[in-house]
$ cat final_33.txt   # compact mmCIF, C-alpha atoms and all ligand atoms
# COMPACT_ATOMS: atom_id res chain seq x y z
CA MET A 456 92.14 78.23 103.62
CA HIS A 457 93.63 80.82 105.97
CA ILE A 458 97.11 82.17 105.20
CA VAL A 459 99.08 84.53 107.44
CA ALA A 460 102.19 86.41 106.27
CA ILE A 461 104.84 87.40 108.79
CA ILE A 462 107.00 90.24 107.47
CA VAL A 463 110.25 90.33 109.41
CA ALA A 464 111.72 93.80 109.74
CA GLY A 465 113.49 93.20 113.01
CA GLY A 466 117.08 93.31 111.77
CA SER A 467 119.61 96.06 112.20
CA GLY A 468 120.96 98.22 109.38
CA SER A 469 124.62 97.82 110.27
CA ARG A 470 125.71 96.57 106.87
CA ILE A 471 124.38 99.72 105.20
CA ARG A 472 125.98 101.71 108.03
CA SER A 473 122.88 103.73 108.53
CA GLU A 474 121.34 104.92 111.76
CA ILE A 475 118.04 103.55 110.52
CA PRO A 476 117.72 99.86 109.62
CA LYS A 477 117.62 99.45 105.85
CA GLN A 478 114.00 98.30 105.86
CA PHE A 479 113.03 101.84 106.86
CA LEU A 480 115.07 103.70 104.25
CA ALA A 481 113.18 105.45 101.45
CA LEU A 482 112.55 103.54 98.25
CA GLY A 483 110.41 105.50 95.82
CA ASP A 484 107.33 106.90 97.50
CA THR A 485 107.51 104.61 100.55
CA MET A 486 110.15 102.79 102.54
CA VAL A 487 111.71 99.43 101.69
CA LEU A 488 109.38 97.72 104.17
CA GLY A 489 106.37 99.40 102.55
CA HIS A 490 107.07 97.59 99.25
CA SER A 491 107.40 94.20 100.96
CA LEU A 492 104.22 94.80 102.91
CA ASN A 493 102.31 95.98 99.82
CA ALA A 494 103.23 92.79 97.95
CA PHE A 495 101.41 90.68 100.55
CA ASP A 496 98.66 93.20 101.25
CA ARG A 497 97.70 93.11 97.57
CA HIS A 498 98.06 89.35 97.16
CA PRO A 499 94.58 87.79 97.01
CA ARG A 500 95.53 84.62 98.92
CA ILE A 501 96.92 86.36 102.01
CA ASN A 502 94.28 86.75 104.74
CA GLU A 503 96.28 88.34 107.50
CA ILE A 504 99.65 90.07 107.98
CA VAL A 505 101.90 90.37 111.03
CA VAL A 506 104.79 92.85 110.80
CA VAL A 507 107.66 92.33 113.22
CA LEU A 508 109.51 95.57 113.93
CA PRO A 509 112.61 96.28 116.02
CA SER A 510 111.19 96.99 119.46
CA GLU A 511 112.64 100.51 119.60
CA LEU A 512 110.92 101.43 116.31
CA THR A 513 107.50 99.90 116.93
CA ALA A 514 105.97 103.09 118.31
CA ARG A 515 107.46 105.21 115.53
CA TYR A 516 106.51 103.13 112.48
CA GLY A 517 103.81 100.77 113.72
CA PRO A 518 100.78 103.08 113.43
CA ASP A 519 101.49 103.83 109.74
CA LEU A 520 101.58 100.15 108.82
CA ILE A 521 98.11 99.14 109.97
CA GLY A 522 94.77 100.07 108.39
CA ARG A 523 95.34 98.16 105.17
CA ARG A 524 93.10 96.10 102.95
CA THR A 525 94.44 92.94 104.57
CA PRO A 526 94.14 92.97 108.39
CA THR A 527 97.63 93.85 109.64
CA ARG A 528 99.11 93.79 113.11
CA VAL A 529 102.48 94.99 114.36
CA VAL A 530 104.57 93.32 117.03
CA ALA A 531 108.00 94.09 118.53
CA GLY A 532 110.75 91.65 117.55
CA GLY A 533 113.31 89.88 119.68
CA ALA A 534 117.09 89.67 119.86
CA ARG A 535 117.66 87.02 117.19
CA ARG A 536 115.83 86.45 113.94
CA GLN A 537 114.09 83.32 115.21
CA ASP A 538 112.95 85.23 118.31
CA SER A 539 111.38 87.88 116.07
CA VAL A 540 109.63 85.28 113.95
CA ALA A 541 108.43 83.50 117.11
CA ARG A 542 106.87 86.73 118.37
CA GLY A 543 105.11 87.17 115.06
CA PHE A 544 104.04 83.53 115.11
CA ALA A 545 102.47 84.04 118.54
CA LEU A 546 99.84 86.20 116.79
CA VAL A 547 99.04 83.56 114.17
CA PRO A 548 95.64 82.01 114.93
CA GLN A 549 95.36 78.27 115.61
CA TYR A 550 93.14 77.82 112.57
CA ALA A 551 95.74 79.20 110.13
CA ASP A 552 96.71 76.65 107.45
CA LEU A 553 99.87 78.23 106.09
CA VAL A 554 102.33 80.76 107.47
CA VAL A 555 104.52 82.79 105.14
CA VAL A 556 107.76 84.31 106.43
CA HIS A 557 109.22 87.12 104.34
CA ASP A 558 112.20 89.45 104.80
CA ALA A 559 111.15 93.10 104.81
CA ALA A 560 114.44 93.81 103.01
CA ARG A 561 113.20 91.95 99.89
CA PRO A 562 110.90 94.61 98.45
CA PHE A 563 110.65 93.17 94.92
CA VAL A 564 108.97 89.85 95.71
CA SER A 565 106.54 89.01 92.92
CA VAL A 566 103.08 87.46 92.82
CA PRO A 567 104.28 84.34 90.90
CA VAL A 568 107.05 83.67 93.45
CA ILE A 569 104.56 83.98 96.32
CA ASP A 570 102.10 81.70 94.52
CA ARG A 571 104.69 79.03 93.70
CA THR A 572 105.91 78.93 97.28
CA LEU A 573 102.37 78.76 98.68
CA ASP A 574 101.44 75.92 96.32
CA ALA A 575 104.53 73.87 97.16
CA ALA A 576 104.04 74.31 100.91
CA LEU A 577 100.42 73.32 100.56
CA GLU A 578 101.54 70.05 99.00
CA GLY A 579 104.71 69.34 100.94
CA GLY A 580 104.40 71.18 104.24
CA ALA A 581 107.34 73.53 103.76
CA ALA A 582 108.75 75.41 100.77
CA VAL A 583 111.42 78.00 100.17
CA ALA A 584 111.88 80.29 97.17
CA ALA A 585 115.44 79.84 95.94
CA ILE A 586 117.62 80.39 92.92
CA VAL A 587 120.28 78.10 91.50
CA SER A 588 123.75 79.51 92.02
CA GLN A 589 125.22 81.10 88.90
CA ASP A 590 128.70 81.10 90.44
CA THR A 591 130.88 78.11 91.21
CA VAL A 592 130.89 77.53 94.94
CA LYS A 593 134.08 76.61 96.80
CA LEU A 594 134.04 75.10 100.23
CA ALA A 595 136.99 76.58 102.08
CA ASP A 596 139.38 75.57 104.82
CA ARG A 597 141.65 77.95 106.62
CA VAL A 598 145.37 77.37 106.54
CA ASP A 599 147.44 79.87 108.53
CA GLY A 600 144.36 82.07 108.65
CA LEU A 601 144.02 82.17 104.83
CA PRO A 602 141.06 80.66 102.99
CA ILE A 603 142.11 77.65 100.91
CA VAL A 604 139.79 75.66 98.65
CA ASP A 605 138.85 72.40 100.27
CA THR A 606 136.48 71.25 97.57
CA THR A 607 134.35 72.58 94.73
CA LEU A 608 130.67 71.88 95.04
CA PRO A 609 128.67 70.84 91.95
CA ARG A 610 126.95 74.05 90.97
CA ASP A 611 123.58 72.51 90.14
CA THR A 612 123.22 71.33 93.74
CA ILE A 613 123.67 74.83 95.15
CA TYR A 614 120.53 76.87 95.75
CA LEU A 615 120.52 80.32 97.27
CA ALA A 616 117.58 80.64 99.64
CA GLN A 617 115.34 83.66 99.42
CA THR A 618 112.06 84.46 101.07
CA PRO A 619 109.12 83.89 101.04
CA GLN A 620 109.44 80.68 103.01
CA VAL A 621 106.07 79.07 103.55
CA PHE A 622 105.15 76.42 106.13
CA ARG A 623 102.15 74.54 107.32
CA ARG A 624 101.35 76.05 110.70
CA ASP A 625 102.29 72.92 112.67
CA VAL A 626 105.54 72.51 110.72
CA LEU A 627 106.73 76.03 111.54
CA GLU A 628 105.66 75.53 115.14
CA ASP A 629 107.95 72.47 115.34
CA GLY A 630 110.84 74.47 113.90
CA LEU A 631 110.36 77.46 116.15
CA ALA A 632 110.26 75.18 119.19
CA LEU A 633 113.85 74.19 118.29
CA GLY A 634 114.81 77.83 117.84
CA VAL A 635 113.88 78.63 121.42
CA THR A 636 116.48 76.14 122.63
CA GLY A 637 119.42 78.20 121.50
CA MET A 638 120.39 77.16 117.99
CA ASP A 639 121.13 80.29 115.93
CA VAL A 640 119.78 80.19 112.39
CA THR A 641 119.70 82.52 109.41
CA ASP A 642 116.33 81.37 108.11
CA GLU A 643 113.26 79.52 109.30
CA ALA A 644 113.68 76.65 106.87
CA MET A 645 116.86 75.67 108.73
CA LEU A 646 114.87 75.17 111.94
CA VAL A 647 112.21 73.23 110.12
CA GLU A 648 114.86 70.99 108.50
CA ARG A 649 116.44 70.33 111.89
CA ALA A 650 113.01 69.42 113.22
CA GLY A 651 112.96 66.65 110.61
CA HIS A 652 110.61 68.10 108.03
CA THR A 653 111.14 68.04 104.29
CA VAL A 654 111.57 71.49 102.75
CA ARG A 655 110.92 71.94 99.05
CA LEU A 656 112.82 74.39 96.89
CA VAL A 657 110.78 76.35 94.35
CA ASP A 658 111.92 78.83 91.72
CA GLY A 659 112.57 82.20 93.27
CA ASP A 660 113.46 85.21 91.20
CA PRO A 661 116.89 86.82 90.69
CA GLY A 662 115.08 90.16 90.99
CA ASN A 663 113.85 89.24 94.47
CA VAL A 664 117.05 90.65 95.97
CA LYS A 665 117.73 91.24 99.63
CA LEU A 666 118.90 94.82 100.12
CA THR A 667 122.08 94.38 102.12
CA THR A 668 124.67 96.84 100.90
CA ALA A 669 124.54 100.51 99.98
CA ARG A 670 125.01 99.44 96.37
CA ASP A 671 121.91 97.20 96.61
CA LEU A 672 119.88 100.13 97.85
CA ALA A 673 121.18 102.44 95.11
CA VAL A 674 120.25 99.88 92.44
CA ALA A 675 116.84 99.33 94.04
CA ARG A 676 116.15 103.05 94.04
CA ALA A 677 117.04 103.29 90.37
CA ARG A 678 114.80 100.30 89.65
CA VAL A 679 111.86 102.00 91.37
CA GLN A 680 112.51 105.37 89.78
CA TRP A 681 113.19 104.10 86.26
CA PRO A 682 111.14 100.93 85.94
CA GLY A 683 111.48 100.91 82.15
CA GLY A 684 115.25 101.17 82.08
CA GLY A 685 116.94 98.38 83.95
CA SER A 686 120.40 99.71 83.18
CA GLY A 687 119.22 103.27 83.66
CA MET A 688 120.75 104.27 80.33
CA ARG A 689 118.91 107.26 78.87
CA VAL A 690 119.60 109.22 75.70
CA GLY A 691 118.56 112.78 74.93
CA ILE A 692 118.86 115.18 72.00
CA GLY A 693 119.36 118.94 72.10
CA TYR A 694 119.43 121.70 69.50
CA ASP A 695 120.02 125.43 69.60
CA LEU A 696 120.58 128.29 67.17
CA HIS A 697 121.56 131.89 67.79
CA ARG A 698 121.97 134.72 65.31
CA LEU A 699 125.41 136.24 64.72
CA VAL A 700 125.39 140.01 65.23
CA GLU A 701 127.90 142.80 65.61
CA GLY A 702 128.91 144.04 69.02
CA ARG A 703 128.59 140.76 70.92
CA PRO A 704 131.31 138.33 72.04
CA LEU A 705 131.27 134.88 70.47
CA VAL A 706 131.09 132.34 73.32
CA LEU A 707 130.88 128.61 72.60
CA GLY A 708 131.41 125.94 75.24
CA GLY A 709 132.45 128.68 77.66
CA VAL A 710 135.33 129.77 75.39
CA THR A 711 135.38 133.34 74.06
CA ILE A 712 136.49 133.10 70.44
CA PRO A 713 137.93 136.16 68.73
CA TYR A 714 135.59 137.04 65.85
CA GLU A 715 133.95 140.12 64.38
CA PHE A 716 130.45 138.85 65.26
CA GLY A 717 128.95 137.27 68.35
CA LEU A 718 125.80 135.38 69.23
CA LEU A 719 122.68 137.35 70.10
CA GLY A 720 120.80 136.28 73.20
CA HIS A 721 119.68 136.89 76.74
CA SER A 722 122.57 135.16 78.51
CA ASP A 723 125.98 134.83 76.93
CA ALA A 724 124.06 133.10 74.10
CA ASP A 725 126.36 130.08 74.26
CA ALA A 726 124.39 127.89 71.88
CA LEU A 727 126.69 124.93 72.54
CA CYS A 728 125.96 124.90 76.27
CA HIS A 729 122.26 125.45 75.57
CA ALA A 730 122.04 122.47 73.22
CA VAL A 731 123.90 120.29 75.73
CA VAL A 732 121.58 121.42 78.56
CA ASP A 733 118.56 120.44 76.47
CA SER A 734 120.06 117.07 75.57
CA MET A 735 120.63 116.32 79.28
CA LEU A 736 117.16 117.50 80.32
CA GLY A 737 115.70 115.52 77.44
CA ALA A 738 117.43 112.32 78.50
CA ALA A 739 115.97 112.75 81.98
CA ALA A 740 112.54 113.74 80.58
CA ALA A 741 112.93 116.79 82.80
CA GLY A 742 111.56 119.51 80.53
CA ASP A 743 113.72 121.99 78.65
CA ILE A 744 116.07 124.90 79.11
CA GLY A 745 113.35 127.56 78.74
CA GLN A 746 111.36 125.98 81.53
CA HIS A 747 114.22 125.82 84.01
CA PHE A 748 116.05 129.03 83.03
CA PRO A 749 113.45 131.36 81.49
CA ASN A 750 114.53 134.32 79.35
CA SER A 751 112.31 136.51 81.49
CA ASP A 752 114.33 135.79 84.63
CA PRO A 753 116.93 138.54 85.22
CA ARG A 754 119.14 135.97 86.97
CA TRP A 755 120.12 134.54 83.59
CA LYS A 756 120.80 137.91 81.91
CA ASP A 757 124.42 137.71 80.70
CA ALA A 758 124.85 134.59 82.85
CA SER A 759 127.62 132.20 81.92
CA SER A 760 125.93 129.27 80.25
CA LEU A 761 128.49 126.97 81.86
CA ASP A 762 126.60 127.79 85.04
CA LEU A 763 123.40 126.55 83.38
CA LEU A 764 125.21 123.30 82.57
CA VAL A 765 126.17 122.90 86.22
CA ARG A 766 122.54 123.48 87.20
CA ALA A 767 121.27 121.04 84.58
CA SER A 768 123.67 118.44 85.99
CA ALA A 769 122.12 119.01 89.42
CA ILE A 770 118.62 118.60 87.96
CA VAL A 771 119.40 115.23 86.40
CA ARG A 772 121.26 114.14 89.53
CA GLU A 773 118.14 114.82 91.61
CA ARG A 774 116.49 112.22 89.40
CA GLY A 775 119.20 109.68 90.16
CA LEU A 776 121.03 110.20 86.85
CA ALA A 777 124.42 111.48 85.76
CA VAL A 778 126.04 112.25 82.41
CA ARG A 779 127.94 109.34 80.88
CA ASN A 780 128.98 111.02 77.64
CA LEU A 781 128.10 113.92 75.39
CA ASP A 782 128.47 114.45 71.66
CA VAL A 783 128.12 117.81 69.94
CA VAL A 784 128.14 119.17 66.39
CA VAL A 785 128.60 122.92 65.95
CA ILE A 786 127.54 124.25 62.55
CA ALA A 787 129.47 127.49 61.99
CA GLU A 788 130.57 128.70 58.57
CA ARG A 789 133.17 130.85 60.28
CA PRO A 790 135.31 131.19 62.34
CA ALA A 791 137.29 127.93 62.28
CA LEU A 792 136.67 126.26 65.63
CA GLY A 793 139.51 123.70 65.59
CA PRO A 794 141.89 125.60 67.87
CA TYR A 795 139.20 126.00 70.57
CA LEU A 796 137.65 122.54 70.66
CA ASP A 797 139.84 121.13 73.44
CA ALA A 798 139.19 124.10 75.71
CA MET A 799 135.44 123.73 75.09
CA ARG A 800 135.56 120.01 75.89
CA THR A 801 137.40 120.72 79.13
CA ASN A 802 134.84 123.35 80.17
CA VAL A 803 131.83 121.21 79.31
CA ALA A 804 133.32 118.16 81.03
CA GLU A 805 134.00 120.10 84.20
CA ALA A 806 130.50 121.55 84.29
CA THR A 807 128.83 118.18 83.80
CA GLY A 808 131.00 116.04 86.06
CA VAL A 809 132.70 113.93 83.40
CA THR A 810 136.17 113.90 81.85
CA PRO A 811 137.09 115.52 78.51
CA ALA A 812 137.34 111.97 77.14
CA ASP A 813 133.55 111.76 77.61
CA VAL A 814 132.84 114.89 75.56
CA GLY A 815 132.96 114.99 71.77
CA ILE A 816 132.73 118.36 69.99
CA LYS A 817 133.04 118.72 66.22
CA GLY A 818 132.98 121.86 64.11
CA LYS A 819 131.25 121.74 60.72
CA THR A 820 130.59 124.33 58.03
CA ASN A 821 127.31 124.37 56.13
CA GLU A 822 129.12 124.45 52.77
CA GLY A 823 127.88 127.97 52.10
CA VAL A 824 124.30 126.75 51.87
CA GLY A 825 121.40 128.64 53.43
CA PRO A 826 121.40 131.08 56.34
CA LEU A 827 123.94 129.02 58.33
CA GLY A 828 126.18 128.84 55.28
CA HIS A 829 125.89 132.61 54.87
CA GLY A 830 127.10 133.11 58.44
CA GLU A 831 123.82 134.53 59.73
CA ALA A 832 123.72 132.16 62.69
CA ILE A 833 125.43 129.29 64.45
CA ALA A 834 123.50 126.09 65.18
CA VAL A 835 124.41 123.27 67.55
CA HIS A 836 123.18 119.68 67.84
CA ALA A 837 123.93 117.66 70.98
CA VAL A 838 123.31 114.14 72.21
CA ALA A 839 123.63 113.17 75.86
CA GLN A 840 123.79 109.72 77.35
CA LEU A 841 122.89 109.55 81.04
CA GLY A 842 123.27 106.62 83.39
CA LEU A 843 122.44 105.90 87.00
CA ALA A 844 124.17 108.27 89.36
CA ALA A 845 125.77 106.97 92.48
CA ASP A 846 123.54 108.17 95.31
CA PRO A 847 125.69 110.74 97.14
CA ALA A 848 123.84 110.20 100.41
CA ILE A 849 124.53 106.48 100.21
CA GLU A 850 128.06 106.90 98.85
CA SER A 851 128.96 109.05 101.82
CA LEU A 852 128.04 106.14 104.09
CA LEU A 853 130.62 104.03 102.29
CA LEU A 854 133.52 106.40 102.88
MG MG B 901 119.99 129.30 73.34

$ encode --input "final_33.txt" --output "structure tokens"
Amino acid sequence: MHIVAIIVAGGSGSRIRSEIPKQFLALGDTMVLGHSLNAFDRHPRINEIVVVLPSELTARYGPDLIGRRTPTRVVAGGARRQDSVARGFALVPQYADLVVVHDAARPFVSVPVIDRTLDAALEGGAAVAAIVSQDTVKLADRVDGLPIVDTTLPRDTIYLAQTPQVFRRDVLEDGLALGVTGMDVTDEAMLVERAGHTVRLVDGDPGNVKLTTARDLAVARARVQWPGGGSGMRVGIGYDLHRLVEGRPLVLGGVTIPYEFGLLGHSDADALCHAVVDSMLGAAAAGDIGQHFPNSDPRWKDASSLDLLVRASAIVRERGLAVRNLDVVVIAERPALGPYLDAMRTNVAEATGVTPADVGIKGKTNEGVGPLGHGEAIAVHAVAQLGLAADPAIESLLL
């Protein structure tokens, strides 16, 4: 059994509005195409790979794609999709049994999906990974240029085709022979159907998405970066305590509160901001405040801790995350914090890129118990929820 995979990366990136086609954009530690290629390189049943690149990018990316475990060749694509596949097919040896065609822009193809499609094509000659439509599908007419429902199709008859699409060598050859004659198609199965062959549908995978829009790419990047958290929701906890001493201002949440004592510390000793910084860093598993803003660094001497919050926001954003909401408890026997809470919420919200409605701050006393109850110190507990950040580089493409 000899199986050749053709990875088609010949398309343009116009729908992501990027200079570079989407298959070449970064996704984790490689590009989108690298993931698609790896899936077939690592699959034990694939004997040979042909990557079809846009002709203008062959020299730039081709050399990095060869030299894999599975013998891999690179060829320049053509104008239409079927032309690109035909150029890849030209490198498929006569003795190949099956030919797999896969979109480079589907980086999350799984081993079971590849296996199912191979098995079905082995039996039936041609097979396509597909998923049953979850949405009701309307067939439309146009009346005065507006789309009007003509009929509603029974949902269980609607399959959305993915790749891989796998064909017996001779079956794909028949289909591609039709493609040369001018018919424009969006997948290879369509040519094979027109050539009179039966094409089986096998279970694809909803996760086997084709990266088409900027949103798709942003979600894919989050999926690669945070494989454990599909929604990207992350929660972190923070705590801080500073002593109350004479001769220092009392700053909490960036608000200077009139009081006879203030918090002792290297910066402005704003324990509220410090606890929130740690909760954010914790949620991103990005270390702690001492690591990023060490006491020993003169830059942070008397620094406004709101500035540290801004910097912590940048740190989590670099990891593809952003604050969703924050909740804070300040344990201070005195002074009463009620009159200052709204100003604190506004400051913290501004520094972390959320709205005051996303920031809870509550003042509590310690009921006179222990050092906190005796007014020796103020302690703060904070919880941060982070979610996936919109990728600013991608968002800017959407403007
Ligand atoms: Mg502190």

$ closest_residue --input "final_33.txt" --among "A:Gly600, A:Gly533, A:Gly580, A:Pro826" --to "Glu648 of chain A" --atoms "all atoms listed in the file"
A:Gly580

$ closest_residue --input "final_33.txt" --among "A:Pro562, A:Gly522, A:Gly818, A:Pro609" --to "Gly662 of chain A" --atoms "only C-alpha atoms"
A:Pro562

$ atom_distance --input "final_33.txt" --atom1 "atom CA of Met645 of chain A" --atom2 "atom CA of Leu553 of chain A"
17.4 Å

$ residues_around --input "final_33.txt" --residues "Glu701 of chain A" --least-positions-apart "3" --cutoff "7 Å" --atoms "all atoms listed in the file" --output "MDAnalysis selection string"
chainID A and resid 715:717

$ closest_residue --input "final_33.txt" --among "A:Ile462, A:Val598, A:Leu512, A:Ala559" --to "Phe544 of chain A" --atoms "only C-alpha atoms"
A:Ile462

$ residues_near_ligand --input "final_33.txt" --ligand "ligand MG 901 (chain B)" --cutoff "9 Å" --atoms "only C-alpha atoms and all ligand atoms" --output "list in words"
Tyr694, Asp695, Leu696, His697, Gly720, His721, Ser722, Asp723, Ala724, Asp725, Ala726, Leu727, Cys728, His729, Ala730, Ile744 and Gly745 of chain A

$ write_last_selection --input "final_33.txt" --atoms "C-alpha atoms" --output "short mmCIF file (atom, residue, chain, number, x, y, z; two decimals), in the coordinates of the input"
data_model
loop_
_atom_site.label_atom_id
_atom_site.label_comp_id
_atom_site.auth_asym_id
_atom_site.auth_seq_id
_atom_site.Cartn_x
_atom_site.Cartn_y
_atom_site.Cartn_z
CA TYR A 694 119.43 121.70 69.50
CA ASP A 695 120.02 125.43 69.60
CA LEU A 696 120.58 128.29 67.17
CA HIS A 697 121.56 131.89 67.79
CA GLY A 720 120.80 136.28 73.20
CA HIS A 721 119.68 136.89 76.74
CA SER A 722 122.57 135.16 78.51
CA ASP A 723 125.98 134.83 76.93
CA ALA A 724 124.06 133.10 74.10
CA ASP A 725 126.36 130.08 74.26
CA ALA A 726 124.39 127.89 71.88
CA LEU A 727 126.69 124.93 72.54
CA CYS A 728 125.96 124.90 76.27
CA HIS A 729 122.26 125.45 75.57
CA ALA A 730 122.04 122.47 73.22
CA ILE A 744 116.07 124.90 79.11
CA GLY A 745 113.35 127.56 78.74
#

$ closest_residue --input "final_33.txt" --among "A:Leu520, A:Val547, A:Val463, A:Ala514" --to "Gly489 of chain A" --atoms "only C-alpha atoms"
A:Leu520

$ closest_residue --input "final_33.txt" --among "A:Arg561, A:Arg500, A:Arg689, A:Arg523" --to "Gln478 of chain A" --atoms "only C-alpha atoms"
A:Arg561

$ closest_residue --input "final_33.txt" --among "A:Ile458, A:Val778, A:Ile613, A:Val814" --to "Val765 of chain A" --atoms "all atoms listed in the file"
A:Val778

$ residues_around --input "final_33.txt" --residues "Arg789 of chain A" --least-positions-apart "6" --cutoff "12 Å" --atoms "all atoms listed in the file" --output "number ranges by chain"
A: 699, 705, 712-717, 818-823, 827-834

$ atom_distance --input "final_33.txt" --atom1 "atom CA of Arg597 of chain A" --atom2 "atom CA of Gln617 of chain A"
27.9 Å
